[in-house]
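Peer 1: Supplied in structure tokens, the structure appears directly below.
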Amino acid sequence: MFTKILIANRGEIACRVIATARKMGIATVAVYSDADKEARHVKLADEAVHIGAAPSRESYLMAEKIIAACKQTGAQAVHPGYGFLSENEAFAKRCEDEGIAFIGPKAHSIAAMGDKIASKKLANEAKVNTIPGYNDAIAGPEQAVEIAKGIGYPVMIKASAGGGGKGLRVAFNDKEAFEGFASCQNEARNSFGDDRIFIEKFVQEPRHIEIQVLGDSHGNVIYLNERECSIQRRHQKVIEEAPSPFISDATRKAMGEQAVQLAKAVKYQSAGTVEFVVGKDQDFYFLEMNTRLQVEHPVTECITGLDLVELMIRVAAGEALPLTQADVKRDGWAIECRINAEDPFRNFLPSTGRLVRFQPPEESMFQSDTTKKLGVRVDTGVYEGGEIPMYYDSMIAKLIVHGTDRNDAITKMRAALNGFVIRGISSNIPFQAALLAHPKFVTGDFNTGFIAENYSKGFAAEDVPHEDPLFLVALAAYMNRRYRARASGISGQLAGHEVRVGEEFVVVTLGAEGKNQHHDVTVTDFEMEGKLRSSAVAVGGNSYQISSTATLGQIRVQGACNGQGFTAQVERGVGKNPLALRIAHNGTQIEALVLSPLGARLHKLMPFKAPPDLSKFLLSPMPGLLVDVAVQPGQKVQAGEKLAVIEAMKMENILFAAQDGVVGKITAGKGESLAVDQVILEFQ
């Protein structure tokens, strides 16, 4: 077995590999760029080596620097994680030539299966079901249009070396095929250094289901069941689960056997994933093979009880698989939510900056030879006070739960999301909460078009209706009652003017454009027991008995309401009104002023101040690099016309004109780093 390995990656996957290596007694070496000097994976590893500037092409994609770091530290093996060099045939071959074990498949397997065009040809030869398409590299956008018309729209345009949603577009007509080809080629060239593109038929109403395979150097290959990955936004997975709520045991077996057949055809050694697109009648077609560890591997670990990273390390060290196909378990149900640094209320634009607060839910999952506890797991590469840089992907953490069945897993995930505190940047937690509560998700009735169909106009606060909105009002009144009780006990108050707690309040929920709602509330305290504070809150004809031991000032509040446990988030002075309480629960958020009846009457008399008109400015909606300004001063533009392109977190974001107008002054130049809401140009 190895005594030291180097992790050629960053973020949560680097931390994940370090955790298993530490469990196995293996020393670890981290590598880091300028942007990751203070990153969590650097702090966790036994050693760390600086490998270059912040852009990945100058650091994490530099194979020479990775090899040099191995020699410098005496690392016997390299784990590439996912992304970066994980599916780079030349890097795997170079490691072998240098006598460094590559903790992944052999270079010939990566060459055969990591290349999307070559893998489809090989799958055809192996008699694996494949989707109709054009499997040779395409010369240009004109040829792409002709091929797309021949196959029949819609078609999927995809980079041969693509992955993680990069270099992929769906086209429904000639215009989209022409533009999509150019965009895919640019993204592929920038992200992977390989701009070959292919086109295939896009199966409508498909499910994206993948099979985890595992092979060793002794000819053994097994499959570890499937993962359901159909909940995607712009071809990027958002929620994954295992098993799938859709396929039958017969389909699972057939898909698994085909995946093994394909892996054996290339003598696959290590963990890998065979992805299938599955039709409504459970007909399935080979999509691609990822010759690496997947982001969503934890859900497979939960239901099988296996550590995939450990098995990868053991296989790379020459060991045989310790189990056969008959030994593979399927225990319970696991769900993973990808927690990303993006603002769902601003069309999921990237959000970078400092994590002022980062308090993930408490982990409660452990496993030993005799004991297994279903619960919550958090895989992350960040920490409170750290930075989310603009140079890499947007993932903050992976939140994983393991339940006895699917309903139990959904319940656990909703509670875990409620307790996940992230401040300083925006996250997609409200969107995840909305997805988990959607009736079609709950019943398992969805496909890869689920998000596009149900959130076609983007995501708004109204898309997360709370099952009991008055509970949020009651919780605001309950917490305010506790704040006042504490204030009433402060010594040195002016006689006759002491803070009085009271029982009658009006909760004013603050709405857009001054459209507020007033709720008459009565709060009656019960006898306190130790740190437990209990109150009866009456609002809108409903009664809520709320109790909690939460310390005032902490964001996460756990307690019980009418005998049912809850987790919510409560803050003071963080919204538009510094006196308001912000209450968040199950994806819904309100800002509320808790006032005396007289204070509420006076508040109604306050005039509403309209926000300034910013329609004559094009503002940067995110931090990022301005890579293109597509207009000139004096140019007439129409609504929908491209104005500028901003690059952040490896994705291009195009800014379009919201209405017709004439460009006035351009205030930001190409190549400039932009802040949120920085003016790019003005209209006349």
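Please note that chains go A, B, ... in the order of the structure tokens, that every chain numbers its residues from 1, and that ligands are numbered from 1 in the order shown.
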List every residue of region 52-81 of chain A that DSSP, applied to the backbone of this structure, places in alpha helix (DSSP H), and write the result as a PyMOL selection string.
Peer 2: chain A and resi 63-73
Peer 1: Go ahead and save the picked residues with all heavy atoms, as a PDB file, in the first residue's frame.
Peer 2:
```
ATOM      1  N   ALA A  63       0.260  19.684 -15.926  1.00  0.00           N
ATOM      2  CA  ALA A  63       0.717  18.334 -15.582  1.00  0.00           C
ATOM      3  C   ALA A  63       2.167  18.320 -15.117  1.00  0.00           C
ATOM      4  O   ALA A  63       2.533  17.592 -14.184  1.00  0.00           O
ATOM      5  CB  ALA A  63       0.535  17.408 -16.783  1.00  0.00           C
ATOM      6  N   GLU A  64       3.004  19.127 -15.763  1.00  0.00           N
ATOM      7  CA  GLU A  64       4.420  19.152 -15.402  1.00  0.00           C
ATOM      8  C   GLU A  64       4.609  19.541 -13.937  1.00  0.00           C
ATOM      9  O   GLU A  64       5.447  18.975 -13.228  1.00  0.00           O
ATOM     10  CB  GLU A  64       5.167  20.142 -16.304  1.00  0.00           C
ATOM     11  CG  GLU A  64       5.330  19.692 -17.747  1.00  0.00           C
ATOM     12  CD  GLU A  64       6.299  18.524 -17.886  1.00  0.00           C
ATOM     13  OE1 GLU A  64       7.133  18.346 -16.976  1.00  0.00           O
ATOM     14  OE2 GLU A  64       6.203  17.782 -18.880  1.00  0.00           O
ATOM     15  N   LYS A  65       3.827  20.524 -13.492  1.00  0.00           N
ATOM     16  CA  LYS A  65       3.960  20.985 -12.110  1.00  0.00           C
ATOM     17  C   LYS A  65       3.449  19.939 -11.119  1.00  0.00           C
ATOM     18  O   LYS A  65       3.978  19.816 -10.009  1.00  0.00           O
ATOM     19  CB  LYS A  65       3.217  22.309 -11.926  1.00  0.00           C
ATOM     20  CG  LYS A  65       3.868  23.463 -12.678  1.00  0.00           C
ATOM     21  CD  LYS A  65       3.189  24.793 -12.380  1.00  0.00           C
ATOM     22  CE  LYS A  65       3.903  25.936 -13.089  1.00  0.00           C
ATOM     23  NZ  LYS A  65       3.276  27.249 -12.788  1.00  0.00           N
ATOM     24  N   ILE A  66       2.432  19.188 -11.511  1.00  0.00           N
ATOM     25  CA  ILE A  66       1.921  18.115 -10.643  1.00  0.00           C
ATOM     26  C   ILE A  66       2.976  17.024 -10.488  1.00  0.00           C
ATOM     27  O   ILE A  66       3.252  16.542  -9.382  1.00  0.00           O
ATOM     28  CB  ILE A  66       0.617  17.526 -11.212  1.00  0.00           C
ATOM     29  CG1 ILE A  66      -0.455  18.608 -11.393  1.00  0.00           C
ATOM     30  CG2 ILE A  66       0.116  16.400 -10.317  1.00  0.00           C
ATOM     31  CD1 ILE A  66      -0.967  19.218 -10.130  1.00  0.00           C
ATOM     32  N   ILE A  67       3.560  16.630 -11.624  1.00  0.00           N
ATOM     33  CA  ILE A  67       4.607  15.598 -11.589  1.00  0.00           C
ATOM     34  C   ILE A  67       5.790  16.076 -10.743  1.00  0.00           C
ATOM     35  O   ILE A  67       6.337  15.327  -9.910  1.00  0.00           O
ATOM     36  CB  ILE A  67       5.078  15.261 -13.018  1.00  0.00           C
ATOM     37  CG1 ILE A  67       3.933  14.666 -13.857  1.00  0.00           C
ATOM     38  CG2 ILE A  67       6.270  14.313 -12.974  1.00  0.00           C
ATOM     39  CD1 ILE A  67       3.443  13.326 -13.394  1.00  0.00           C
ATOM     40  N   ALA A  68       6.186  17.328 -10.922  1.00  0.00           N
ATOM     41  CA  ALA A  68       7.303  17.871 -10.148  1.00  0.00           C
ATOM     42  C   ALA A  68       6.992  17.875  -8.657  1.00  0.00           C
ATOM     43  O   ALA A  68       7.869  17.593  -7.825  1.00  0.00           O
ATOM     44  CB  ALA A  68       7.618  19.289 -10.625  1.00  0.00           C
ATOM     45  N   ALA A  69       5.741  18.169  -8.297  1.00  0.00           N
ATOM     46  CA  ALA A  69       5.342  18.167  -6.883  1.00  0.00           C
ATOM     47  C   ALA A  69       5.411  16.759  -6.301  1.00  0.00           C
ATOM     48  O   ALA A  69       5.786  16.574  -5.137  1.00  0.00           O
ATOM     49  CB  ALA A  69       3.929  18.736  -6.738  1.00  0.00           C
ATOM     50  N   CYS A  70       5.060  15.753  -7.112  1.00  0.00           N
ATOM     51  CA  CYS A  70       5.173  14.361  -6.650  1.00  0.00           C
ATOM     52  C   CYS A  70       6.634  14.012  -6.354  1.00  0.00           C
ATOM     53  O   CYS A  70       6.942  13.409  -5.316  1.00  0.00           O
ATOM     54  CB  CYS A  70       4.619  13.408  -7.711  1.00  0.00           C
ATOM     55  SG  CYS A  70       2.833  13.429  -7.891  1.00  0.00           S
ATOM     56  N   LYS A  71       7.516  14.386  -7.260  1.00  0.00           N
ATOM     57  CA  LYS A  71       8.938  14.066  -7.071  1.00  0.00           C
ATOM     58  C   LYS A  71       9.519  14.826  -5.884  1.00  0.00           C
ATOM     59  O   LYS A  71      10.322  14.285  -5.108  1.00  0.00           O
ATOM     60  CB  LYS A  71       9.703  14.402  -8.350  1.00  0.00           C
ATOM     61  CG  LYS A  71       9.354  13.501  -9.526  1.00  0.00           C
ATOM     62  CD  LYS A  71      10.156  13.864 -10.758  1.00  0.00           C
ATOM     63  CE  LYS A  71       9.868  12.913 -11.905  1.00  0.00           C
ATOM     64  NZ  LYS A  71      10.646  13.270 -13.119  1.00  0.00           N
ATOM     65  N   GLN A  72       9.081  16.072  -5.741  1.00  0.00           N
ATOM     66  CA  GLN A  72       9.588  16.896  -4.648  1.00  0.00           C
ATOM     67  C   GLN A  72       9.208  16.335  -3.286  1.00  0.00           C
ATOM     68  O   GLN A  72       9.998  16.385  -2.333  1.00  0.00           O
ATOM     69  CB  GLN A  72       9.027  18.316  -4.803  1.00  0.00           C
ATOM     70  CG  GLN A  72       9.362  19.264  -3.662  1.00  0.00           C
ATOM     71  CD  GLN A  72       8.641  20.597  -3.806  1.00  0.00           C
ATOM     72  OE1 GLN A  72       8.342  21.040  -4.921  1.00  0.00           O
ATOM     73  NE2 GLN A  72       8.343  21.237  -2.690  1.00  0.00           N
ATOM     74  N   THR A  73       8.009  15.783  -3.184  1.00  0.00           N
ATOM     75  CA  THR A  73       7.493  15.318  -1.887  1.00  0.00           C
ATOM     76  C   THR A  73       7.615  13.810  -1.686  1.00  0.00           C
ATOM     77  O   THR A  73       7.351  13.314  -0.595  1.00  0.00           O
ATOM     78  CB  THR A  73       6.010  15.699  -1.743  1.00  0.00           C
ATOM     79  OG1 THR A  73       5.258  15.117  -2.818  1.00  0.00           O
ATOM     80  CG2 THR A  73       5.835  17.209  -1.771  1.00  0.00           C
TER      81      THR A  73
END
```
Peer 1: So that I can see what lies close to region 228-241 of chain A, please list as an mmCIF file with N, CA, C and O atoms, in the first residue's frame the residues with an atom at most 7 Å from it, counting only C-alpha atoms and leaving out residues fewer than 5 positions away in the same chain.
Peer 2:
```
data_model
loop_
_atom_site.group_PDB
_atom_site.id
_atom_site.type_symbol
_atom_site.label_atom_id
_atom_site.label_comp_id
_atom_site.auth_asym_id
_atom_site.auth_seq_id
_atom_site.Cartn_x
_atom_site.Cartn_y
_atom_site.Cartn_z
ATOM 1 N N GLY A 164 -19.314 18.001 -16.853
ATOM 2 C CA GLY A 164 -19.825 18.945 -15.871
ATOM 3 C C GLY A 164 -20.705 20.025 -16.460
ATOM 4 O O GLY A 164 -20.816 21.110 -15.905
ATOM 5 N N GLY A 165 -21.340 19.735 -17.622
ATOM 6 C CA GLY A 165 -22.227 20.725 -18.223
ATOM 7 C C GLY A 165 -21.512 21.729 -19.104
ATOM 8 O O GLY A 165 -22.149 22.573 -19.733
ATOM 9 N N ARG A 207 -34.707 10.652 -18.937
ATOM 10 C CA ARG A 207 -34.113 10.590 -17.606
ATOM 11 C C ARG A 207 -32.622 10.343 -17.768
ATOM 12 O O ARG A 207 -32.197 9.632 -18.677
ATOM 13 N N HIS A 208 -31.857 10.958 -16.868
ATOM 14 C CA HIS A 208 -30.407 10.772 -16.864
ATOM 15 C C HIS A 208 -30.082 9.851 -15.692
ATOM 16 O O HIS A 208 -30.142 10.265 -14.536
ATOM 17 N N ILE A 209 -29.769 8.614 -16.011
ATOM 18 C CA ILE A 209 -29.487 7.612 -14.972
ATOM 19 C C ILE A 209 -28.123 7.004 -15.262
ATOM 20 O O ILE A 209 -27.825 6.641 -16.402
ATOM 21 N N GLU A 210 -27.295 6.923 -14.242
ATOM 22 C CA GLU A 210 -25.930 6.445 -14.437
ATOM 23 C C GLU A 210 -25.648 5.238 -13.554
ATOM 24 O O GLU A 210 -26.218 5.092 -12.467
ATOM 25 N N GLU A 296 -21.252 13.023 -7.509
ATOM 26 C CA GLU A 296 -22.367 12.469 -6.726
ATOM 27 C C GLU A 296 -22.087 11.082 -6.156
ATOM 28 O O GLU A 296 -23.022 10.382 -5.727
ATOM 29 N N VAL A 299 -23.856 9.316 -2.723
ATOM 30 C CA VAL A 299 -25.147 8.623 -2.585
ATOM 31 C C VAL A 299 -24.979 7.123 -2.800
ATOM 32 O O VAL A 299 -25.671 6.314 -2.170
ATOM 33 N N ALA A 334 -30.644 7.509 -0.535
ATOM 34 C CA ALA A 334 -29.748 8.646 -0.318
ATOM 35 C C ALA A 334 -30.028 9.743 -1.340
ATOM 36 O O ALA A 334 -30.338 9.460 -2.499
ATOM 37 N N ILE A 335 -29.927 10.988 -0.889
ATOM 38 C CA ILE A 335 -30.114 12.158 -1.750
ATOM 39 C C ILE A 335 -28.951 13.113 -1.516
ATOM 40 O O ILE A 335 -28.508 13.296 -0.386
ATOM 41 N N GLU A 336 -28.474 13.712 -2.608
ATOM 42 C CA GLU A 336 -27.417 14.730 -2.516
ATOM 43 C C GLU A 336 -27.902 16.019 -3.161
ATOM 44 O O GLU A 336 -28.434 16.012 -4.270
ATOM 45 N N CYS A 337 -27.723 17.129 -2.454
ATOM 46 C CA CYS A 337 -27.980 18.459 -3.006
ATOM 47 C C CYS A 337 -26.641 19.173 -3.182
ATOM 48 O O CYS A 337 -25.847 19.231 -2.237
ATOM 49 N N ARG A 338 -26.427 19.718 -4.352
ATOM 50 C CA ARG A 338 -25.216 20.512 -4.582
ATOM 51 C C ARG A 338 -25.495 21.947 -4.133
ATOM 52 O O ARG A 338 -26.367 22.618 -4.690
ATOM 53 N N ASN A 447 -38.248 14.431 -15.261
ATOM 54 C CA ASN A 447 -37.206 14.047 -16.209
ATOM 55 C C ASN A 447 -36.204 15.187 -16.283
ATOM 56 O O ASN A 447 -36.271 16.137 -15.488
ATOM 57 N N THR A 448 -35.284 15.128 -17.234
ATOM 58 C CA THR A 448 -34.231 16.141 -17.280
ATOM 59 C C THR A 448 -34.763 17.527 -17.636
ATOM 60 O O THR A 448 -34.064 18.523 -17.448
ATOM 61 N N PHE A 450 -37.315 18.874 -16.136
ATOM 62 C CA PHE A 450 -38.154 19.284 -15.000
ATOM 63 C C PHE A 450 -37.957 20.752 -14.628
ATOM 64 O O PHE A 450 -38.922 21.510 -14.498
ATOM 65 N N ILE A 451 -36.717 21.176 -14.451
ATOM 66 C CA ILE A 451 -36.465 22.557 -14.026
ATOM 67 C C ILE A 451 -36.839 23.538 -15.130
ATOM 68 O O ILE A 451 -37.475 24.562 -14.880
#
```
Peer 1: Tell me, as an NGL selection string, which residues lie within 7 Å of region 458-464 of chain A, counting only C-alpha atoms; anything in the same chain fewer than 4 positions away does not count.
Peer 2: :A and (344-345 or 347 or 434 or 587-588)
Peer 1: Give me the residues near Lys116 (chain A) as a PyMOL selection string, where near means some atom within 12 Å (using only C-alpha atoms) and where sequence neighbours in that chain fewer than 6 positions away do not count.
Peer 2: chain A and resi 87+110+122-123+130+133-137+157-163+194+196-200+274-275+286-291
Peer 1: Would you list the contacts of region 304-315 of chain A as number ranges by chain, taking every protein, DNA or RNA residue within 8 Å and counting only C-alpha atoms, but skipping same-chain residues closer than 3 positions in sequence?
Peer 2: A: 1, 17, 20-21, 24, 103-104, 215-217, 224, 269-271, 297, 300-301, 318-321, 328-331, 367
Peer 1: Of the candidates A:Tyr32, A:Phe683, A:Tyr455, A:Phe2, which one gets nearest to Phe431 (chain A) if we count only C-alpha atoms?
Peer 2: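 Distance minimum relative to Phe431 (chain A) lands on A:Tyr455.
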Peer 1: Neighbours of Ala675 (chain A) within 12 Å (only C-alpha atoms; same-chain residues fewer than 4 positions away dropped), as a short mmCIF file (atom, residue, chain, number, x, y, z; two decimals) with all heavy atoms, in the first residue's frame?
Peer 2:
```cif
data_model
loop_
_atom_site.label_atom_id
_atom_site.label_comp_id
_atom_site.auth_asym_id
_atom_site.auth_seq_id
_atom_site.Cartn_x
_atom_site.Cartn_y
_atom_site.Cartn_z
N PRO A 350 -23.42 33.74 -10.74
CA PRO A 350 -22.40 33.38 -9.75
C PRO A 350 -22.27 34.42 -8.65
O PRO A 350 -22.47 35.61 -8.86
CB PRO A 350 -21.11 33.32 -10.59
CG PRO A 350 -21.57 33.06 -11.97
CD PRO A 350 -22.88 33.78 -12.11
N SER A 351 -21.95 33.94 -7.46
CA SER A 351 -21.77 34.81 -6.30
C SER A 351 -20.45 34.46 -5.65
O SER A 351 -20.28 33.34 -5.15
CB SER A 351 -22.93 34.64 -5.31
OG SER A 351 -22.77 35.47 -4.19
N THR A 352 -19.51 35.38 -5.68
CA THR A 352 -18.20 35.12 -5.10
C THR A 352 -17.93 36.09 -3.96
O THR A 352 -18.59 37.10 -3.81
CB THR A 352 -17.10 35.26 -6.16
OG1 THR A 352 -17.14 36.59 -6.70
CG2 THR A 352 -17.29 34.28 -7.29
N GLY A 353 -16.94 35.77 -3.15
CA GLY A 353 -16.60 36.64 -2.04
C GLY A 353 -16.31 35.86 -0.77
O GLY A 353 -16.09 34.64 -0.80
N MET A 390 -13.38 33.46 -7.95
CA MET A 390 -14.11 33.52 -9.21
C MET A 390 -13.53 32.59 -10.27
O MET A 390 -14.11 32.45 -11.36
CB MET A 390 -14.09 34.96 -9.75
CG MET A 390 -12.71 35.49 -10.07
SD MET A 390 -12.71 37.19 -10.72
CE MET A 390 -13.21 36.88 -12.42
N LEU A 619 -25.75 47.14 -15.59
CA LEU A 619 -24.96 46.84 -14.40
C LEU A 619 -24.46 45.41 -14.44
O LEU A 619 -25.16 44.51 -14.94
CB LEU A 619 -25.80 47.06 -13.13
CG LEU A 619 -26.47 48.42 -12.96
CD1 LEU A 619 -27.29 48.44 -11.68
CD2 LEU A 619 -25.45 49.54 -12.95
N SER A 620 -23.30 45.19 -13.91
CA SER A 620 -22.79 43.82 -13.81
C SER A 620 -23.58 43.08 -12.73
O SER A 620 -23.58 43.51 -11.57
CB SER A 620 -21.30 43.82 -13.44
OG SER A 620 -20.85 42.50 -13.24
N PRO A 621 -24.24 42.00 -13.08
CA PRO A 621 -25.05 41.28 -12.09
C PRO A 621 -24.24 40.38 -11.17
O PRO A 621 -24.80 39.74 -10.29
CB PRO A 621 -26.01 40.47 -12.96
CG PRO A 621 -25.22 40.20 -14.21
CD PRO A 621 -24.33 41.40 -14.42
N MET A 622 -22.92 40.32 -11.39
CA MET A 622 -22.09 39.40 -10.61
C MET A 622 -20.65 39.87 -10.65
O MET A 622 -20.28 40.67 -11.51
CB MET A 622 -22.17 38.00 -11.22
CG MET A 622 -21.32 37.87 -12.48
SD MET A 622 -21.80 36.53 -13.56
CE MET A 622 -23.01 37.39 -14.54
N PRO A 623 -19.80 39.39 -9.73
CA PRO A 623 -18.37 39.63 -9.88
C PRO A 623 -17.86 38.76 -11.03
O PRO A 623 -18.30 37.62 -11.19
CB PRO A 623 -17.79 39.16 -8.55
CG PRO A 623 -18.95 38.88 -7.66
CD PRO A 623 -20.12 38.62 -8.53
N GLY A 624 -16.97 39.28 -11.85
CA GLY A 624 -16.46 38.48 -12.95
C GLY A 624 -15.54 39.28 -13.85
O GLY A 624 -15.25 40.47 -13.61
N LEU A 625 -15.09 38.63 -14.91
CA LEU A 625 -14.18 39.24 -15.87
C LEU A 625 -14.96 39.65 -17.11
O LEU A 625 -15.67 38.82 -17.70
CB LEU A 625 -13.08 38.24 -16.25
CG LEU A 625 -11.99 38.76 -17.19
CD1 LEU A 625 -11.12 39.79 -16.49
CD2 LEU A 625 -11.15 37.59 -17.70
N LEU A 626 -14.87 40.91 -17.48
CA LEU A 626 -15.56 41.40 -18.68
C LEU A 626 -14.74 40.97 -19.90
O LEU A 626 -13.68 41.53 -20.19
CB LEU A 626 -15.68 42.93 -18.62
CG LEU A 626 -16.45 43.60 -19.77
CD1 LEU A 626 -17.89 43.11 -19.84
CD2 LEU A 626 -16.42 45.12 -19.60
N ILE A 646 -19.66 38.35 -19.60
CA ILE A 646 -18.88 38.29 -18.37
C ILE A 646 -18.56 36.83 -18.08
O ILE A 646 -19.43 35.95 -18.18
CB ILE A 646 -19.67 38.89 -17.18
CG1 ILE A 646 -19.98 40.36 -17.45
CG2 ILE A 646 -18.87 38.76 -15.88
CD1 ILE A 646 -20.85 41.00 -16.39
N ALA A 648 -17.35 34.10 -15.28
CA ALA A 648 -17.18 33.83 -13.85
C ALA A 648 -17.39 32.35 -13.59
O ALA A 648 -18.30 31.74 -14.15
CB ALA A 648 -18.18 34.65 -13.03
N ALA A 668 -16.77 50.55 -18.69
CA ALA A 668 -15.89 49.44 -18.31
C ALA A 668 -15.27 48.86 -19.58
O ALA A 668 -15.93 48.77 -20.62
CB ALA A 668 -16.65 48.37 -17.55
N VAL A 679 -21.25 49.65 -13.04
CA VAL A 679 -21.79 50.12 -14.32
C VAL A 679 -20.85 49.72 -15.46
O VAL A 679 -19.65 49.99 -15.42
CB VAL A 679 -21.99 51.65 -14.31
CG1 VAL A 679 -22.48 52.13 -15.67
CG2 VAL A 679 -22.98 52.04 -13.22
N ILE A 680 -21.43 49.06 -16.47
CA ILE A 680 -20.66 48.67 -17.66
C ILE A 680 -20.85 49.71 -18.76
O ILE A 680 -19.90 50.12 -19.42
CB ILE A 680 -21.08 47.27 -18.16
CG1 ILE A 680 -20.82 46.23 -17.06
CG2 ILE A 680 -20.35 46.91 -19.44
CD1 ILE A 680 -21.38 44.86 -17.38
#
```
Peer 1: Which one of A:Gly381, A:Ala171, A:Lys106, A:Leu593 sits closest to Leu44 (chain A) if you count only C-alpha atoms?
Peer 2: A:Gly381
Peer 1: In Å to one decimal, how far is CA of Gln684 (chain A) from CA of Ala630 (chain A)?
Peer 2: 16.8 Å
